[in-house]
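**Student:** So here's work.txt (compact mmCIF, C-alpha atoms).
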```txt
# COMPACT_ATOMS: atom_id res chain seq x y z
CA MET A 1 55.81 57.17 18.97
CA ALA A 2 52.86 56.88 16.66
CA ASP A 3 49.55 55.61 18.06
CA THR A 4 49.16 53.01 15.31
CA THR A 5 51.59 51.42 12.88
CA LEU A 6 50.93 49.97 9.45
CA ASP A 7 53.31 47.66 7.61
CA ALA A 8 52.59 48.14 3.90
CA LYS A 9 55.93 46.75 2.74
CA GLY A 10 55.67 44.60 -0.38
CA LEU A 11 52.25 46.01 -1.28
CA ASN A 12 51.70 47.88 -4.50
CA CYS A 13 49.34 50.66 -5.60
CA PRO A 14 46.63 51.19 -4.45
CA LEU A 15 46.94 48.85 -1.47
CA PRO A 16 49.12 51.05 0.83
CA ILE A 17 46.59 53.90 0.51
CA LEU A 18 43.61 51.59 1.02
CA ARG A 19 45.17 50.01 4.12
CA ALA A 20 46.08 53.43 5.51
CA LYS A 21 42.55 54.68 4.98
CA LYS A 22 41.20 51.63 6.80
CA ALA A 23 43.61 52.14 9.70
CA LEU A 24 42.73 55.85 9.97
CA LYS A 25 39.02 55.01 10.08
CA SER A 26 39.37 53.23 13.41
CA MET A 27 41.52 56.01 14.93
CA GLU A 28 40.59 59.13 16.89
CA ALA A 29 41.24 62.66 15.59
CA GLY A 30 44.71 63.84 16.67
CA GLN A 31 46.17 60.32 16.72
CA THR A 32 49.05 59.46 14.44
CA LEU A 33 49.62 56.57 12.06
CA ALA A 34 53.14 55.43 11.12
CA ILE A 35 53.42 53.63 7.79
CA GLU A 36 56.26 51.69 6.23
CA ALA A 37 56.08 51.00 2.49
CA THR A 38 58.29 49.80 -0.34
CA ASP A 39 56.21 51.11 -3.27
CA PRO A 40 58.23 54.02 -4.71
CA GLY A 41 54.96 55.59 -5.90
CA SER A 42 53.75 55.83 -2.32
CA ALA A 43 55.79 58.98 -1.57
CA LYS A 44 53.71 61.10 -3.96
CA ASP A 45 50.54 59.14 -3.25
CA PHE A 46 50.53 59.72 0.51
CA GLU A 47 51.18 63.42 -0.08
CA SER A 48 48.18 63.56 -2.45
CA PHE A 49 46.10 61.44 -0.09
CA CYS A 50 46.68 63.89 2.75
CA ASN A 51 46.11 66.94 0.51
CA GLN A 52 42.73 65.58 -0.47
CA THR A 53 41.49 64.06 2.78
CA GLY A 54 42.69 66.89 5.04
CA ASN A 55 44.79 64.57 7.19
CA GLU A 56 48.21 65.93 8.10
CA LEU A 57 51.37 64.41 6.63
CA VAL A 58 53.66 64.92 9.63
CA SER A 59 56.71 63.37 8.00
CA SER A 60 57.81 61.54 4.89
CA SER A 61 61.23 59.99 4.38
CA GLU A 62 63.06 57.19 2.64
CA GLU A 63 65.91 55.00 3.84
CA ASN A 64 67.29 51.86 2.14
CA ASN A 65 64.28 51.74 -0.20
CA ILE A 66 61.84 51.77 2.72
CA TYR A 67 59.46 54.71 2.78
CA HIS A 68 58.34 56.05 6.15
CA PHE A 69 55.26 58.18 6.59
CA GLU A 70 53.54 59.62 9.62
CA ILE A 71 49.99 60.86 9.26
CA ARG A 72 47.96 62.70 11.89
CA LYS A 73 44.25 62.17 11.64
CA THR A 74 42.26 65.41 11.65
CA MET B 1 28.04 64.55 3.30
CA ALA B 2 26.44 67.19 1.10
CA ASP B 3 29.70 68.35 -0.45
CA GLN B 4 31.03 64.84 -1.00
CA LYS B 5 32.80 64.50 -4.33
CA LYS B 6 31.48 61.96 -6.78
CA LEU B 7 33.11 59.72 -9.39
CA ALA B 8 31.26 57.88 -12.16
CA ILE B 9 33.02 55.19 -14.20
CA ILE B 10 31.87 53.23 -17.24
CA ALA B 11 33.78 49.94 -17.40
CA THR B 12 33.54 48.15 -20.74
CA LYS B 13 36.39 45.66 -20.83
CA GLY B 14 36.53 42.06 -19.68
CA THR B 15 40.17 41.02 -19.73
CA LEU B 16 42.20 40.49 -16.57
CA ASP B 17 44.43 43.51 -17.23
CA PHE B 18 41.55 45.86 -18.00
CA ALA B 19 39.57 44.77 -14.96
CA TYR B 20 42.18 46.64 -12.93
CA PRO B 21 41.83 50.33 -13.91
CA PRO B 22 38.16 50.75 -12.89
CA LEU B 23 38.68 48.90 -9.60
CA ILE B 24 41.95 50.64 -8.71
CA LEU B 25 40.46 54.06 -9.41
CA ALA B 26 37.19 53.25 -7.65
CA THR B 27 38.82 51.96 -4.45
CA THR B 28 41.31 54.82 -4.36
CA ALA B 29 38.60 57.43 -4.92
CA ALA B 30 36.56 55.83 -2.13
CA ALA B 31 39.63 56.13 0.13
CA LEU B 32 39.70 59.82 -0.82
CA ASP B 33 36.08 60.06 0.38
CA TYR B 34 34.44 60.10 -3.05
CA GLU B 35 31.06 58.53 -3.60
CA VAL B 36 31.77 56.11 -6.45
CA THR B 37 29.56 54.40 -9.02
CA ILE B 38 30.75 51.95 -11.67
CA PHE B 39 28.49 51.23 -14.60
CA TRP B 40 29.57 47.84 -16.01
CA THR B 41 28.63 47.21 -19.61
CA PHE B 42 29.52 44.85 -22.45
CA TYR B 43 32.61 42.76 -21.58
CA GLY B 44 32.97 44.59 -18.29
CA LEU B 45 30.15 42.35 -17.04
CA GLN B 46 32.70 39.51 -16.84
CA VAL B 47 34.12 41.21 -13.75
CA LEU B 48 30.73 40.92 -12.03
CA LYS B 49 30.40 37.16 -12.55
CA LYS B 50 30.33 34.94 -9.47
CA GLU B 51 32.53 32.47 -11.37
CA ARG B 52 35.08 34.89 -12.75
CA ASN B 53 37.41 33.58 -15.43
CA LEU B 54 39.30 36.67 -16.50
CA LYS B 55 42.11 36.12 -18.93
CA ILE B 56 44.79 38.09 -20.62
CA SER B 57 45.79 37.71 -24.26
CA PRO B 58 49.04 38.74 -25.90
CA LEU B 59 47.21 38.61 -29.26
CA GLY B 60 46.71 41.99 -30.87
CA ASN B 61 48.64 43.61 -28.05
CA PRO B 62 52.15 44.45 -29.23
CA GLY B 63 52.59 46.54 -26.07
CA MET B 64 52.61 43.50 -23.79
CA PRO B 65 56.13 42.76 -22.57
CA MET B 66 57.03 39.13 -23.32
CA PRO B 67 59.76 37.14 -21.55
CA ILE B 68 61.10 36.06 -24.96
CA PRO B 69 60.27 37.50 -28.39
CA MET B 70 57.22 35.65 -29.66
CA PRO B 71 55.85 35.70 -33.21
CA VAL B 72 52.14 36.47 -33.46
CA LEU B 73 51.35 33.06 -34.98
CA ILE B 74 52.83 31.34 -31.92
CA GLN B 75 50.76 33.58 -29.65
CA ALA B 76 47.65 32.30 -31.43
CA LEU B 77 48.34 28.64 -30.54
CA PRO B 78 45.99 26.84 -28.14
CA GLY B 79 47.03 27.26 -24.52
CA MET B 80 48.94 30.50 -25.02
CA GLU B 81 46.15 32.58 -23.50
CA SER B 82 46.05 30.43 -20.37
CA MET B 83 49.83 30.52 -20.15
CA ALA B 84 49.93 34.32 -20.46
CA THR B 85 47.21 34.56 -17.79
CA VAL B 86 49.08 32.32 -15.35
CA MET B 87 52.31 34.22 -15.93
CA MET B 88 50.63 37.59 -15.44
CA LYS B 89 48.95 36.46 -12.20
CA GLN B 90 52.28 35.17 -10.86
CA LYS B 91 54.00 38.40 -11.81
CA MET B 92 51.30 40.47 -10.13
CA ALA B 93 51.43 38.42 -6.93
CA SER B 94 55.22 38.71 -6.81
CA LYS B 95 54.98 42.51 -7.12
CA GLY B 96 52.39 42.87 -4.38
CA VAL B 97 49.61 43.83 -6.78
CA ALA B 98 46.16 43.04 -5.41
CA SER B 99 44.05 40.38 -7.11
CA ILE B 100 40.81 41.41 -8.84
CA GLU B 101 38.89 39.48 -6.17
CA GLU B 102 40.59 41.48 -3.41
CA LEU B 103 40.02 44.82 -5.16
CA TYR B 104 36.39 44.06 -5.92
CA ASP B 105 35.75 43.10 -2.29
CA MET B 106 37.45 46.26 -1.09
CA ALA B 107 35.35 48.31 -3.50
CA VAL B 108 32.15 46.77 -2.13
CA GLU B 109 33.40 47.24 1.43
CA SER B 110 33.94 50.95 0.76
CA ASP B 111 30.41 51.32 -0.64
CA VAL B 112 31.29 51.59 -4.33
CA HIS B 113 27.94 51.32 -6.08
CA MET B 114 27.82 48.73 -8.88
CA ILE B 115 25.39 49.03 -11.76
CA ALA B 116 25.18 46.37 -14.48
CA CYS B 117 23.89 47.35 -17.90
CA GLN B 118 20.68 45.37 -18.30
CA MET B 119 20.80 45.56 -22.10
CA THR B 120 24.16 43.78 -22.29
CA VAL B 121 23.10 41.30 -19.59
CA ASP B 122 20.26 40.36 -21.97
CA LEU B 123 22.51 40.48 -25.02
CA PHE B 124 24.90 37.91 -23.54
CA ASP B 125 22.09 35.83 -21.96
CA PHE B 126 23.54 36.30 -18.48
CA LYS B 127 21.23 35.57 -15.58
CA HIS B 128 21.17 37.83 -12.53
CA SER B 129 21.88 34.71 -10.50
CA GLU B 130 25.24 34.31 -12.34
CA LEU B 131 26.30 37.78 -11.28
CA LEU B 132 27.36 38.90 -7.81
CA ASP B 133 24.84 40.10 -5.25
CA GLY B 134 24.33 43.76 -4.44
CA ILE B 135 24.29 44.91 -8.06
CA GLU B 136 21.73 47.32 -9.49
CA TYR B 137 20.45 46.61 -13.01
CA ALA B 138 19.73 49.63 -15.15
CA GLY B 139 20.32 51.36 -18.45
CA ALA B 140 21.98 54.39 -19.99
CA ALA B 141 19.48 56.87 -18.55
CA ARG B 142 20.43 55.72 -15.05
CA PHE B 143 24.11 56.32 -15.83
CA PHE B 144 23.37 59.92 -16.81
CA GLU B 145 21.48 60.46 -13.59
CA VAL B 146 24.67 59.46 -11.79
CA ALA B 147 27.07 61.22 -14.17
CA GLN B 148 25.31 64.60 -14.08
CA GLU B 149 25.99 64.73 -10.34
CA ALA B 150 29.58 63.50 -10.72
CA ASP B 151 32.69 65.67 -10.45
CA ILE B 152 34.62 63.17 -12.56
CA SER B 153 33.34 60.73 -15.20
CA LEU B 154 35.58 58.15 -16.83
CA PHE B 155 35.04 55.75 -19.69
CA ILE B 156 37.33 52.74 -19.46
```
Can you present the structure in this file as structure tokens?

**Tutor:**
Amino acid sequence: MADTTLDAKGLNCPLPILRAKKALKSMEAGQTLAIEATDPGSAKDFESFCNQTGNELVSSSEENNIYHFEIRKT
Amino acid sequence: MADQKKLAIIATKGTLDFAYPPLILATTAAALDYEVTIFWTFYGLQVLKKERNLKISPLGNPGMPMPIPMPVLIQALPGMESMATVMMKQKMASKGVASIEELYDMAVESDVHMIACQMTVDLFDFKHSELLDGIEYAGAARFFEVAQEADISLFI
């Protein structure tokens, strides 16, 4: 189970990333954030977000047009 | 952070659609830990107004998708601009696209630095009191001071 969850369904670029950043800000290093999104662009965007911020993309998957991400704060 | 990356944007346009790119890029860069400055000049100043009235126009924009084919002369009729603006705002809301108000507030919240071009403020007879608080007023030399330190500079 992730420490925090974020429902970004129905939100479009750049809102899922901005909300995730905000959520990560209030978390401790090592904690994980689970995100659900419907923006098809979010798959690449969360990968790029993690590459650039140094946070770890633990998992990324898609099911029935819902995108699931888990990010570990570093 | 000494090694913090920096982004400098010049935003020159004052229509609803073109208010988006500088604010989307600025908020996203801030989320990626960039230090961001936007230099608003010419029509871009409309985005800084307390009473924003940003509109979209199909005129002179053959790239804008229309619900039904519309001859240019019809697009020029009174009320068409307002109608296009209302339709675009509805479309954006239905697709979960943030409003300009939301994006601007998020930019300010994430410490995006706003500079208004004083020359164009004078040119358009805008008063500082008409524009939002927390804005620096400066000129081109100030932009270069920012841009020479920036990793990325964009003109929009």

**Student:** Please report as JSON lines every residue of range 19-42 of chain A lying within 12 Å of range 91-106 of chain B, along with the nearest atom pair and their distance in Å (one decimal), using all atoms listed in the file.

**Tutor:**
```
{"residue": "A:Arg19", "atom": "CA", "partner": "B:Met106", "partner_atom": "CA", "distance": 10.0}
{"residue": "A:Lys21", "atom": "CA", "partner": "B:Met106", "partner_atom": "CA", "distance": 11.6}
{"residue": "A:Lys22", "atom": "CA", "partner": "B:Met106", "partner_atom": "CA", "distance": 10.3}
{"residue": "A:Ala37", "atom": "CA", "partner": "B:Gly96", "partner_atom": "CA", "distance": 11.3}
{"residue": "A:Thr38", "atom": "CA", "partner": "B:Gly96", "partner_atom": "CA", "distance": 10.0}
{"residue": "A:Asp39", "atom": "CA", "partner": "B:Gly96", "partner_atom": "CA", "distance": 9.1}
```

**Student:** Could you list, as a PyMOL selection string, every residue within 12 Å of Phe126 in chain B, counting all atoms listed in the file and ignoring same-chain residues fewer than 6 positions away?

**Tutor:** chain B and resi 42-43+45-46+48-50+116-120+132

**Student:** May I ask you to extract the residues of chain A within 12 Å of chain B, using all atoms listed in the file, and to give them as number ranges by chain?

**Tutor:** A: 8-25, 37-39, 45-46, 48-55

**Student:** Go ahead and save the residues from that selection, with C-alpha atoms, as a PDB file, in the coordinates of the input.

**Tutor:**
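File written: selection-v4.pdb
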```pdb
ATOM      1  CA  ALA A   8      52.590  48.140   3.900  1.00  0.00           C
ATOM      2  CA  LYS A   9      55.930  46.750   2.740  1.00  0.00           C
ATOM      3  CA  GLY A  10      55.670  44.600  -0.380  1.00  0.00           C
ATOM      4  CA  LEU A  11      52.250  46.010  -1.280  1.00  0.00           C
ATOM      5  CA  ASN A  12      51.700  47.880  -4.500  1.00  0.00           C
ATOM      6  CA  CYS A  13      49.340  50.660  -5.600  1.00  0.00           C
ATOM      7  CA  PRO A  14      46.630  51.190  -4.450  1.00  0.00           C
ATOM      8  CA  LEU A  15      46.940  48.850  -1.470  1.00  0.00           C
ATOM      9  CA  PRO A  16      49.120  51.050   0.830  1.00  0.00           C
ATOM     10  CA  ILE A  17      46.590  53.900   0.510  1.00  0.00           C
ATOM     11  CA  LEU A  18      43.610  51.590   1.020  1.00  0.00           C
ATOM     12  CA  ARG A  19      45.170  50.010   4.120  1.00  0.00           C
ATOM     13  CA  ALA A  20      46.080  53.430   5.510  1.00  0.00           C
ATOM     14  CA  LYS A  21      42.550  54.680   4.980  1.00  0.00           C
ATOM     15  CA  LYS A  22      41.200  51.630   6.800  1.00  0.00           C
ATOM     16  CA  ALA A  23      43.610  52.140   9.700  1.00  0.00           C
ATOM     17  CA  LEU A  24      42.730  55.850   9.970  1.00  0.00           C
ATOM     18  CA  LYS A  25      39.020  55.010  10.080  1.00  0.00           C
ATOM     19  CA  ALA A  37      56.080  51.000   2.490  1.00  0.00           C
ATOM     20  CA  THR A  38      58.290  49.800  -0.340  1.00  0.00           C
ATOM     21  CA  ASP A  39      56.210  51.110  -3.270  1.00  0.00           C
ATOM     22  CA  ASP A  45      50.540  59.140  -3.250  1.00  0.00           C
ATOM     23  CA  PHE A  46      50.530  59.720   0.510  1.00  0.00           C
ATOM     24  CA  SER A  48      48.180  63.560  -2.450  1.00  0.00           C
ATOM     25  CA  PHE A  49      46.100  61.440  -0.090  1.00  0.00           C
ATOM     26  CA  CYS A  50      46.680  63.890   2.750  1.00  0.00           C
ATOM     27  CA  ASN A  51      46.110  66.940   0.510  1.00  0.00           C
ATOM     28  CA  GLN A  52      42.730  65.580  -0.470  1.00  0.00           C
ATOM     29  CA  THR A  53      41.490  64.060   2.780  1.00  0.00           C
ATOM     30  CA  GLY A  54      42.690  66.890   5.040  1.00  0.00           C
ATOM     31  CA  ASN A  55      44.790  64.570   7.190  1.00  0.00           C
TER      32      ASN A  55
END
```

**Student:** Would you be able to write out as a list of chain:residue names which residues have an atom within 12 Å of (65.5, 54.5, 3.6) in the file's coordinates, counting all atoms listed in the file?

**Tutor:**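 Residues lying no farther than 12 Å from the given point: A:Glu36, A:Ala37, A:Thr38, A:Pro40, A:Ala43, A:Ser60, A:Ser61, A:Glu62, A:Glu63, A:Asn64, A:Asn65, A:Ile66, A:Tyr67, A:His68, A:Phe69.
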
**Student:** In Å, with one decimal, what is the gap from CA of Val146 in chain B to CA of Thr12 in chain B?

**Tutor:** 16.9 Å

**Student:** So, with all atoms listed in the file as the atoms that count, which of B:Glu136, B:Asp17, B:Asp3, B:Glu130 lies closest to Thr85 in chain B?

**Tutor:**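 For Thr85 in chain B, the nearest of the given residues is B:Asp17.
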
**Student:** Counting all atoms listed in the file, what is within 6 Å of Ile135 in chain B, bar same-chain residues fewer than 2 positions away, as a list in words?

**Tutor:** Met114, Ile115 and Asp133 of chain B

**Student:** Include C-alpha atoms and write out the residues we just selected as a short mmCIF file (atom, residue, chain, number, x, y, z; two decimals), keeping the file's coordinate frame.

**Tutor:**
```cif
data_model
loop_
_atom_site.label_atom_id
_atom_site.label_comp_id
_atom_site.auth_asym_id
_atom_site.auth_seq_id
_atom_site.Cartn_x
_atom_site.Cartn_y
_atom_site.Cartn_z
CA MET B 114 27.82 48.73 -8.88
CA ILE B 115 25.39 49.03 -11.76
CA ASP B 133 24.84 40.10 -5.25
#
```

**Student:** Using Å and a single decimal, report how far CA of Lys73 in chain A sits from CA of Ala34 in chain A.

**Tutor:**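 Distance between the two atoms: 11.2 Å.
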
**Student:** For a test of reading the model, state the distance in Å between CA of His113 in chain B and CA of Lys44 in chain A, rounded to one decimal.

**Tutor:**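 So the answer is 27.6 Å.
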
**Student:** So, counting only C-alpha atoms, which residue among A:Ala29, A:Met1, A:Leu6, A:Ile35 is closest to Arg72 in chain A?

**Tutor:**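 That would be A:Ala29, the residue with the smallest distance to Arg72 in chain A.
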